[in-house]
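Comments concern the structure below.
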Amino acid sequence: MHMNKNSHSVFLQLAFFLAYLMMSAVAVGEPDKVIMASVPKLGGGSLEFAIPAAFRPKVSENFFTLTADLPGFPDADYSGTRARSLFLIVRTRPKFGTLAFDILNGLKANLKEMPEQNGCRVFIETVPGKNTSIIYFLFNDERGNPVVVTDPGEWSGSYHWEHAYTEGYEIKAEVNKKYGTEFQKVDKKIVNFVNSIMRR
C-alpha cells in the first residue's frame, strides 16, 4: 500500500505517541526511589542501608528513622493519611551502656523484678508521685543480644523497643500494641525488616 507524505507523517506521529505511552507505563511501574543511609558502628565500621522512599526515612550522621507497618498488622494503611504502626530508629549503640545494662545492673531506681512472662524477665518501675508504673520485658535474641520492651502504661498505645547489638548498633522503635505481647515474634519481624533494607 502506498502512503502519501501526509499519511506517512501521521503514521510517524502515531508511532512516536505509542512509544511515549509505553515508556510512561514503564516509568509508572518503576519501584519507589531509594534513600541511602550509613550508620557508624561503635568501635569502627558502618552499616549501609537502602531505604524505599515510601517509608519516609529521615537520615542523619549516625542514625536514620522511618515509619512502616510490619507483616500481619491488622490495620495496615498505605494511603499516607495516618501514622504507621512502627516508628523505627537505627543508630550507633551508645558508648555508655544500654537500657538492658541499666536495668540488670541496678542503675534504675524503684525497680522490682516480677515472675517471668512468656520467656521474658519482667521488671516494674514505680514512678514517684504518679499513679502509674512502667513495665520492662527483657529477653535475649538468638545470638544473645539484649532486647527490652517497655510498656509505659495503659495510657500509651505503643510499646517502646530497644534491641542492642554487640556489633555496635541498635534498633529502637515505637511499636503499636495491636501487634500483641508475643514480643520475641514481633522482634523477629522488626529485625527481618531492618535486615531487608540493609546492604550486604
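Ordered as shown in the C-alpha cells, chains take letters A, B, and onward, while each chain numbers its residues from 1 and ligands are numbered from 1 in the order shown.
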Item to check | Distance query range 176-188 of chain A at most 7 Å, only C-alpha atoms, self and fewer than 4 positions along chain excluded, as a ChimeraX atom specification | outcome: /A:73,85-86,157-159,192
Could you dump the residues just selected with all heavy atoms as a compact mmCIF listing (two decimals), in the first residue's frame?
```txt
# COMPACT_ATOMS: atom_id res chain seq x y z
N PHE A 73 0.14 -6.89 60.42
CA PHE A 73 -0.56 -5.86 61.18
C PHE A 73 -2.00 -5.76 60.68
O PHE A 73 -2.24 -5.63 59.48
CB PHE A 73 0.14 -4.51 61.06
CG PHE A 73 -0.48 -3.44 61.91
CD1 PHE A 73 -0.45 -3.55 63.29
CD2 PHE A 73 -1.09 -2.34 61.35
CE1 PHE A 73 -1.02 -2.57 64.09
CE2 PHE A 73 -1.66 -1.35 62.14
CZ PHE A 73 -1.63 -1.47 63.52
N SER A 85 2.20 1.92 62.03
CA SER A 85 2.20 1.20 63.31
C SER A 85 3.60 1.02 63.89
O SER A 85 3.75 0.57 65.02
CB SER A 85 1.55 -0.17 63.13
OG SER A 85 2.27 -0.94 62.18
N LEU A 86 4.63 1.36 63.12
CA LEU A 86 6.01 1.20 63.58
C LEU A 86 6.79 2.47 63.26
O LEU A 86 6.85 2.90 62.11
CB LEU A 86 6.66 0.01 62.87
CG LEU A 86 8.16 -0.20 63.12
CD1 LEU A 86 8.41 -0.71 64.53
CD2 LEU A 86 8.75 -1.17 62.10
N GLY A 157 -0.51 3.81 73.51
CA GLY A 157 -0.91 2.83 72.51
C GLY A 157 0.26 2.09 71.90
O GLY A 157 0.07 1.29 70.98
N SER A 158 1.48 2.36 72.40
CA SER A 158 2.67 1.75 71.81
C SER A 158 3.60 1.20 72.89
O SER A 158 3.63 1.69 74.02
CB SER A 158 3.44 2.78 70.98
OG SER A 158 2.67 3.25 69.90
N TYR A 159 4.36 0.18 72.50
CA TYR A 159 5.49 -0.29 73.29
C TYR A 159 6.75 0.42 72.80
O TYR A 159 6.88 0.72 71.62
CB TYR A 159 5.69 -1.80 73.14
CG TYR A 159 4.57 -2.65 73.67
CD1 TYR A 159 3.77 -3.40 72.82
CD2 TYR A 159 4.32 -2.72 75.05
CE1 TYR A 159 2.74 -4.19 73.30
CE2 TYR A 159 3.29 -3.52 75.54
CZ TYR A 159 2.50 -4.25 74.67
OH TYR A 159 1.49 -5.03 75.16
N ASN A 192 13.92 -8.74 60.86
CA ASN A 192 13.85 -9.14 59.45
C ASN A 192 13.61 -7.93 58.55
O ASN A 192 14.17 -7.84 57.44
CB ASN A 192 12.74 -10.18 59.25
CG ASN A 192 13.10 -11.54 59.81
OD1 ASN A 192 14.28 -11.84 60.04
ND2 ASN A 192 12.10 -12.36 60.06
```
Spatial neighbours of range 44-59 of chain A, 8 Å, only C-alpha atoms, chain gap at least 4 places, as a PDB file with N, CA and C atoms, in the first residue's frame:
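Listing of result13.pdb after writing:
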```pdb
ATOM      1  N   ASP A  32       9.745   2.587  43.986  1.00  0.00           N
ATOM      2  CA  ASP A  32       9.940   3.872  44.637  1.00  0.00           C
ATOM      3  C   ASP A  32      11.420   4.218  44.706  1.00  0.00           C
ATOM      4  N   LYS A  33      11.669   5.495  44.801  1.00  0.00           N
ATOM      5  CA  LYS A  33      13.032   5.976  44.966  1.00  0.00           C
ATOM      6  C   LYS A  33      13.635   5.401  46.244  1.00  0.00           C
ATOM      7  N   VAL A  34      14.926   5.132  46.219  1.00  0.00           N
ATOM      8  CA  VAL A  34      15.624   4.562  47.371  1.00  0.00           C
ATOM      9  C   VAL A  34      16.522   5.621  47.992  1.00  0.00           C
ATOM     10  N   ILE A  35      16.463   5.732  49.318  1.00  0.00           N
ATOM     11  CA  ILE A  35      17.296   6.672  50.068  1.00  0.00           C
ATOM     12  C   ILE A  35      18.416   5.885  50.743  1.00  0.00           C
ATOM     13  N   MET A  36      19.642   6.334  50.574  1.00  0.00           N
ATOM     14  CA  MET A  36      20.782   5.647  51.168  1.00  0.00           C
ATOM     15  C   MET A  36      21.073   6.221  52.559  1.00  0.00           C
ATOM     16  N   ALA A  37      21.472   5.337  53.477  1.00  0.00           N
ATOM     17  CA  ALA A  37      21.829   5.756  54.832  1.00  0.00           C
ATOM     18  C   ALA A  37      23.011   4.932  55.316  1.00  0.00           C
ATOM     19  N   SER A  38      23.848   5.555  56.134  1.00  0.00           N
ATOM     20  CA  SER A  38      25.008   4.880  56.714  1.00  0.00           C
ATOM     21  C   SER A  38      24.985   5.091  58.222  1.00  0.00           C
ATOM     22  N   VAL A  39      25.090   3.996  58.979  1.00  0.00           N
ATOM     23  CA  VAL A  39      25.074   4.069  60.444  1.00  0.00           C
ATOM     24  C   VAL A  39      26.418   3.571  60.969  1.00  0.00           C
ATOM     25  N   PRO A  40      27.224   4.458  61.565  1.00  0.00           N
ATOM     26  CA  PRO A  40      28.508   4.013  62.132  1.00  0.00           C
ATOM     27  C   PRO A  40      28.283   3.039  63.287  1.00  0.00           C
ATOM     28  N   PHE A  63      22.368   7.950  62.494  1.00  0.00           N
ATOM     29  CA  PHE A  63      21.111   7.229  62.641  1.00  0.00           C
ATOM     30  C   PHE A  63      20.182   7.569  61.482  1.00  0.00           C
ATOM     31  N   PHE A  64      19.114   6.778  61.366  1.00  0.00           N
ATOM     32  CA  PHE A  64      18.014   7.148  60.483  1.00  0.00           C
ATOM     33  C   PHE A  64      16.710   6.709  61.132  1.00  0.00           C
ATOM     34  N   THR A  65      15.623   7.323  60.718  1.00  0.00           N
ATOM     35  CA  THR A  65      14.295   6.950  61.191  1.00  0.00           C
ATOM     36  C   THR A  65      13.411   6.645  59.992  1.00  0.00           C
ATOM     37  N   LEU A  66      12.360   5.882  60.233  1.00  0.00           N
ATOM     38  CA  LEU A  66      11.367   5.617  59.197  1.00  0.00           C
ATOM     39  C   LEU A  66      10.071   5.172  59.857  1.00  0.00           C
ATOM     40  N   THR A  67       9.007   5.121  59.072  1.00  0.00           N
ATOM     41  CA  THR A  67       7.727   4.602  59.553  1.00  0.00           C
ATOM     42  C   THR A  67       7.250   3.514  58.603  1.00  0.00           C
ATOM     43  N   ALA A  68       6.625   2.484  59.161  1.00  0.00           N
ATOM     44  CA  ALA A  68       6.195   1.353  58.339  1.00  0.00           C
ATOM     45  C   ALA A  68       5.122   0.563  59.076  1.00  0.00           C
ATOM     46  N   ILE A 197      16.431  -4.112  54.420  1.00  0.00           N
ATOM     47  CA  ILE A 197      16.881  -2.854  53.804  1.00  0.00           C
ATOM     48  C   ILE A 197      18.380  -2.627  54.004  1.00  0.00           C
ATOM     49  N   MET A 198      19.040  -3.586  54.661  1.00  0.00           N
ATOM     50  CA  MET A 198      20.481  -3.478  54.879  1.00  0.00           C
ATOM     51  C   MET A 198      21.225  -3.994  53.652  1.00  0.00           C
ATOM     52  N   ARG A 199      22.213  -3.258  53.210  1.00  0.00           N
ATOM     53  CA  ARG A 199      23.023  -3.683  52.062  1.00  0.00           C
ATOM     54  C   ARG A 199      24.120  -4.622  52.537  1.00  0.00           C
ATOM     55  N   ARG A 200      24.238  -5.759  51.866  1.00  0.00           N
ATOM     56  CA  ARG A 200      25.225  -6.769  52.272  1.00  0.00           C
ATOM     57  C   ARG A 200      26.513  -6.617  51.469  1.00  0.00           C
TER      58      ARG A 200
END
```
Checklist entry - Would you give me, as a PyMOL selection string, the residues in range 43-193 of chain A that DSSP reads as strand (DSSP E or B)? => result chain A and resi 46-52+58-59+63-68+86-92+111-117+120-126+133-140+146-151+158-164+169-176
Checklist outcome for this item: Closest of A:Ala164, A:Leu99, A:Leu138, A:Ile190 to Val122 in chain A, counting only C-alpha atoms, is A:Leu138
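The closest residue to Asp69 in chain A, picked from A:Val90, A:Asn195, A:Gly119, A:Lys189 and counting only C-alpha atoms, is A:Lys189.
Counting only C-alpha atoms and comparing A:Met114, A:Ile171, A:Ala100, A:Leu107, the residue that lies closest to Asn140 in chain A is A:Ala100.
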